[in-house]
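Trainee: The structure that follows is given in the form of structure tokens.
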Amino acid sequence: MDAATITTWMNEIAGAVRAERDYLIQLDAAIGDGDHGINMTRGFDAVVRALAQEEDGTPGKLLTLAGKTLVSSVGGASGPLWGSALRRGGRALGDAPTFDDGKLVEALEAALAAVVDLGAAVLGDKTMVDAMDPAVATLRREVDAGTVLPVALRRAAEAAEVGMRATIPLQARKGRASYLGERSIGHQDPGATSTALIVRALERTVAGSQ
Amino acid sequence: MAMRKFLNDPEQLVKEALVGVELAHSDLLRFDRENQLLISKSAPRQGKVALISGGGSGHEPLHGGFVGVGMLDAACAGEVFTSPVPDQMLAATKAVDGGAGVVHIVKNYTGDVLNFKMAADEAADEGIKVEAVVMDDDVAVQDSLYTAGRRGVGATVLAEKIAGAAAARGDDLAAVAGIVRHVNERARSFGIALSSCTPPASGKPIFDLPEGEMEVGIGIHGEPGRRRAPLGTASEIAELMVEAVISDLKPASGANLLVFLNGMGGTPQIELYLMFAEVEARLSKAGYKTTRSLVGSYITSLEMAGASLTVLELSDTTTALWDAPVNTPALRWGV
């Protein structure tokens with residue numbers, strides 16, 4: 001995998017969040033202020049533009065640039081959280097022009113660690129971590145077991161979606177949804193939903209390049 | 001999309017509105033288009049501690065309407081209900097720094113806290129002393145390990161005025177930050193919504209409030225409250241608000257209070273004065289003395305019908321700072 005992989009992934013994400021923009025707004029309206037779809041679309045559109053202007057970056061540099069762009073364009077909590085995630089992921093990829101399955105897992109583990117460090121959410125808080133943690137854990141397990149990457153990513157994306165749906169019965173302990181207390185129960189978390197979209201976008205990216 | 005709004009392109013609303021603020025108040029402030037900031041024309045003042053705040057748009061006049069003399073030196077405007085990004089707060093900090101440091105007044109929302117923190121770190125890297133104070137005066141949320149903490153609401157307006165006066169009279173960085181903290185500690189707020197609101201970019205009300213119901217314990221971003229209840233009379237609602245605020249604040253017996261009855265944007269002034277009368281009746285019955293008041297829509301949630309009560313237990317110092325001259329689009333006295 002190389003720089004083109006990162007660019008394609010970011011483009012896939014932008015397309016996915018735009019397609020699901022209204023759904024993300026609706027989820028966020030139920031337990032928040034209804035801007036998640038707007039923010040994520042704005043952020044990833046900015047990422048696509050920024051990456052298009054980078055002539056010859058390494059995958060690490062592009063992922064870091066994506067992170068910085070998100071911080072500067074998204075606002076809300078998602079900007080710093082996804083921004084830090086991708087910056088740390090980019091740093092983990094280093095300077096090399098290509099990266100393998102193992103390096104990809106390291107980058108995603110670094111991304112998850114950044115989110116947990118910054119937001120202090122744990123599994124069960126009804127946040128993006130509820131989708132991201134199972135996705136990364138699944139990918140690590142599959143890649144270590146020798147599963148080919150497209151299959152490993154498919155399983156990771158499924159795990160993200162299971163985690164996303166598992167947020168429905170939870171009471172939010174972080175973010176705007178936590179102000180609602182018990183009223184947050186019964187609604188799927190928008191952050192976990194966009195996270196699942198992001199993992200599926202990675203699956204499509206790798207599958208498409210095979 | 002049957003919104004009853006004055007609107008061109010929803011994506012340009014914030015920018016276009018800020019152009020209007022600058023045009024209407026060009027004696028007091030200027031609009032930095034690149035960074036989406038409103039900056040006082042009297043900033044920077046060498047040797048004066050500068051004060052900035054910011055947050056999502058949709059709460060006007062908070063914060064941009066409080067930029068001028070004697071209150072904020074700059075306000076950072078995010079998209080509607082979305083916190084601004086660190087680049088904005090960093091640019092604002094640099095624009096207003098007069099060498100005595102900058103206080104960041106940050107409302108306690110995850111996005112605001114994270115974005116302001118990133119900016120403060122970068123400002124520190126560039127050698128500017130920043131002290132951030134987080135406002136968390138809303139009593140509707142239990143402050144616990146299991147929530148994102150209490151929201152920063154009405155006390156933010158009071159803190160910006162009172163600390164703004166402290167900075168104007170020459171207090172140092174630690175003292176100004178200390179005054180913000182003091183206001184946060186001695187003020188509590190509680191809000192009720194009688195309607196939802198419709199962010200222009202989404203085109204739909206955030207929640208559905210059926211006839212005859214009200215949302216109790218709201219924030220300022222249009223999110224649902226802690227619970228829904230049958231719509232009460234003004235008297236019943238005032239009872240609820242006063243009880244929630246006073247039982248948490250516990251002012252000293254016979255204390256002097258600043259009572260701020262705030263409109264959420266969609267409630268007419270006549271109703272706000274009715275609510276103030278109801279609140280006042282209860283506070284004076286409980287032996288408190290309301291020596292200062294503010295009644296109007298100062299920290300809003302677009303066109304939401306509703307009101308919030310903020311009560312600040314005053315000291316001689318904070319009373320004098322409240323009375324000090326201020327010249328901003330939204331608050332103006334003593335000039």
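All residue names refer to the structure tokens as shown: chains lettered A, B, ... in order, residues numbered from 1 in each chain, ligands numbered from 1 in order.
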Wanna dump the chain B-chain A contacts at 10 Å for me, each residue with its shortest atom pair and the distance in Å to one decimal, counting only C-alpha atoms, ordered by chain and number, as a tab-separated table?
Mentor:
```
residue	atom	partner	partner_atom	distance
B:Glu11	CA	A:Ile38	CA	9.9
B:Gly55	CA	A:Gly76	CA	9.2
B:Gly56	CA	A:Gly76	CA	8.5
B:Gly78	CA	A:Gly75	CA	7.1
B:Glu79	CA	A:Gly75	CA	7.9
B:Val80	CA	A:Asp35	CA	8.2
B:Phe81	CA	A:Asp33	CA	7.0
B:Thr82	CA	A:Gly76	CA	5.0
B:Ser83	CA	A:Gly76	CA	4.6
B:Pro84	CA	A:Gly75	CA	5.2
B:Val85	CA	A:Gly75	CA	5.0
B:Pro86	CA	A:Ser72	CA	6.8
B:Asp87	CA	A:Ser72	CA	6.4
B:Gln88	CA	A:Ser72	CA	8.6
B:Tyr109	CA	A:Arg176	CA	7.3
B:Thr110	CA	A:Ala77	CA	5.7
B:Gly111	CA	A:Ala77	CA	3.7
B:Asp112	CA	A:Gly76	CA	6.7
B:Val113	CA	A:Ala77	CA	8.5
B:Leu114	CA	A:Pro80	CA	6.5
B:Asn115	CA	A:Pro80	CA	6.6
B:Lys117	CA	A:Pro80	CA	10.0
B:Met118	CA	A:Pro80	CA	8.2
B:Ala140	CA	A:Tyr179	CA	8.1
B:Val141	CA	A:Tyr179	CA	5.8
B:Gln142	CA	A:Tyr179	CA	8.3
B:Asp143	CA	A:Tyr179	CA	9.7
B:Ser144	CA	A:Arg173	CA	9.2
B:Leu145	CA	A:Arg173	CA	7.8
B:Tyr146	CA	A:Arg173	CA	4.6
B:Thr147	CA	A:Arg173	CA	4.4
B:Ala148	CA	A:Lys174	CA	4.8
B:Gly149	CA	A:Tyr179	CA	8.0
B:Arg150	CA	A:Tyr179	CA	8.0
B:Arg151	CA	A:Tyr179	CA	8.3
B:Cys197	CA	A:Asp33	CA	9.8
B:Thr198	CA	A:Gly34	CA	9.4
B:Pro199	CA	A:Gly34	CA	8.0
B:Ala201	CA	A:Ile38	CA	7.5
B:Ser202	CA	A:Ile25	CA	7.3
B:Lys204	CA	A:Gly34	CA	9.2
B:Pro205	CA	A:Ala29	CA	8.5
B:Ile206	CA	A:Ala29	CA	5.1
B:Phe207	CA	A:Ala29	CA	6.7
B:Asp208	CA	A:Ala30	CA	9.7
B:Gly217	CA	A:Tyr179	CA	9.1
B:Ile218	CA	A:Tyr179	CA	8.7
B:Gly219	CA	A:Tyr179	CA	8.4
B:Ile220	CA	A:Asp33	CA	9.3
B:His221	CA	A:Asp33	CA	5.6
B:Gly222	CA	A:Asp33	CA	5.7
B:Glu223	CA	A:Asp33	CA	5.0
B:Pro224	CA	A:Leu180	CA	6.8
B:Gly225	CA	A:Leu180	CA	6.2
B:Arg226	CA	A:Leu180	CA	5.1
B:Arg227	CA	A:Arg183	CA	7.7
B:Arg228	CA	A:Arg183	CA	9.9
```
Trainee: Within 12 Å of B:Lys94, counting only C-alpha atoms, which residues qualify if same-chain residues fewer than 5 places away don't, as a list in words?
Mentor: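 With the cut-off at 12 Å, the set is Asn35, Leu37, Ile39, Ala43, Pro44, Ala50, Leu51, Ile52, Asp73, Ala74, Asp87, Gln88, Met89, Gly99, Ala100, Gly101, Val102, Val103, Ala119, Ala120, Glu122, Ala123, Ala124, Asp125, Glu126, Gly127, Ile128, Lys129 and Val130 of chain B.
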Trainee: Name the closest residue to A:Arg154 among the candidates A:Thr64, A:Thr195, A:Thr205, A:Thr7; distances are taken between atoms, counting only C-alpha atoms.
Mentor: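 Closest to A:Arg154, using only C-alpha atoms: A:Thr205.
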Trainee: Pick out the residues sitting within 12 Å of A:Asp100, and hand them over as a ChimeraX atom specification; count only C-alpha atoms, and ignore anything fewer than 5 positions along from it in its own chain.
Mentor: /A:1-2,5,59,93,105-107,143,148-149,206
Trainee: Output C-alpha atoms of each residue in that selection to a file, as a PDB file, in the first residue's frame.
Mentor:
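New file result17.pdb:
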```pdb
ATOM      1  CA  MET A   1       0.000   0.000   0.000  1.00  0.00           C
ATOM      2  CA  ASP A   2       1.198   3.525  -0.654  1.00  0.00           C
ATOM      3  CA  THR A   5      -4.098   4.147  -0.775  1.00  0.00           C
ATOM      4  CA  PRO A  59       1.469   7.873   3.043  1.00  0.00           C
ATOM      5  CA  LEU A  93       3.446   5.138   9.197  1.00  0.00           C
ATOM      6  CA  VAL A 105      -2.603  -2.112  12.004  1.00  0.00           C
ATOM      7  CA  GLU A 106       0.020  -0.148  13.962  1.00  0.00           C
ATOM      8  CA  ALA A 107      -1.231   3.086  12.459  1.00  0.00           C
ATOM      9  CA  VAL A 143      -3.646  -9.810  10.535  1.00  0.00           C
ATOM     10  CA  VAL A 148      -5.431 -11.671   3.910  1.00  0.00           C
ATOM     11  CA  LEU A 149      -6.036  -7.978   4.301  1.00  0.00           C
ATOM     12  CA  VAL A 206      -8.071  -2.060  -0.125  1.00  0.00           C
TER      13      VAL A 206
END
```
Trainee: With only C-alpha atoms as the counted atoms, please give the residues lying no more than 10 Å from A:Gly90, apart from itself and same-chain residues fewer than 6 positions off, as an MDAnalysis selection string.
Mentor: chainID A and resid 6 58:67 84 104 107:108 110:111
Trainee: For a test of reading the model, state the distance in Å between atom CA of B:Val134 and atom CA of B:Asp171, rounded to one decimal.
Mentor: 19.4 Å
Trainee: Which residues come within 7 Å of B:Gly154, counting only C-alpha atoms, excluding same-chain residues fewer than 4 positions away, as a VMD selection string?
Mentor: chain B and resid 189 299 310
Trainee: Please provide the set of residues having any atom within 6 Å of B:Asn262, restricted to only C-alpha atoms, with same-chain residues fewer than 5 positions apart removed, written as a list in words.
Mentor: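 Listing them by chain and then by number gives Val295, Gly296, Ser297, Ala307 and Ser308 of chain B.
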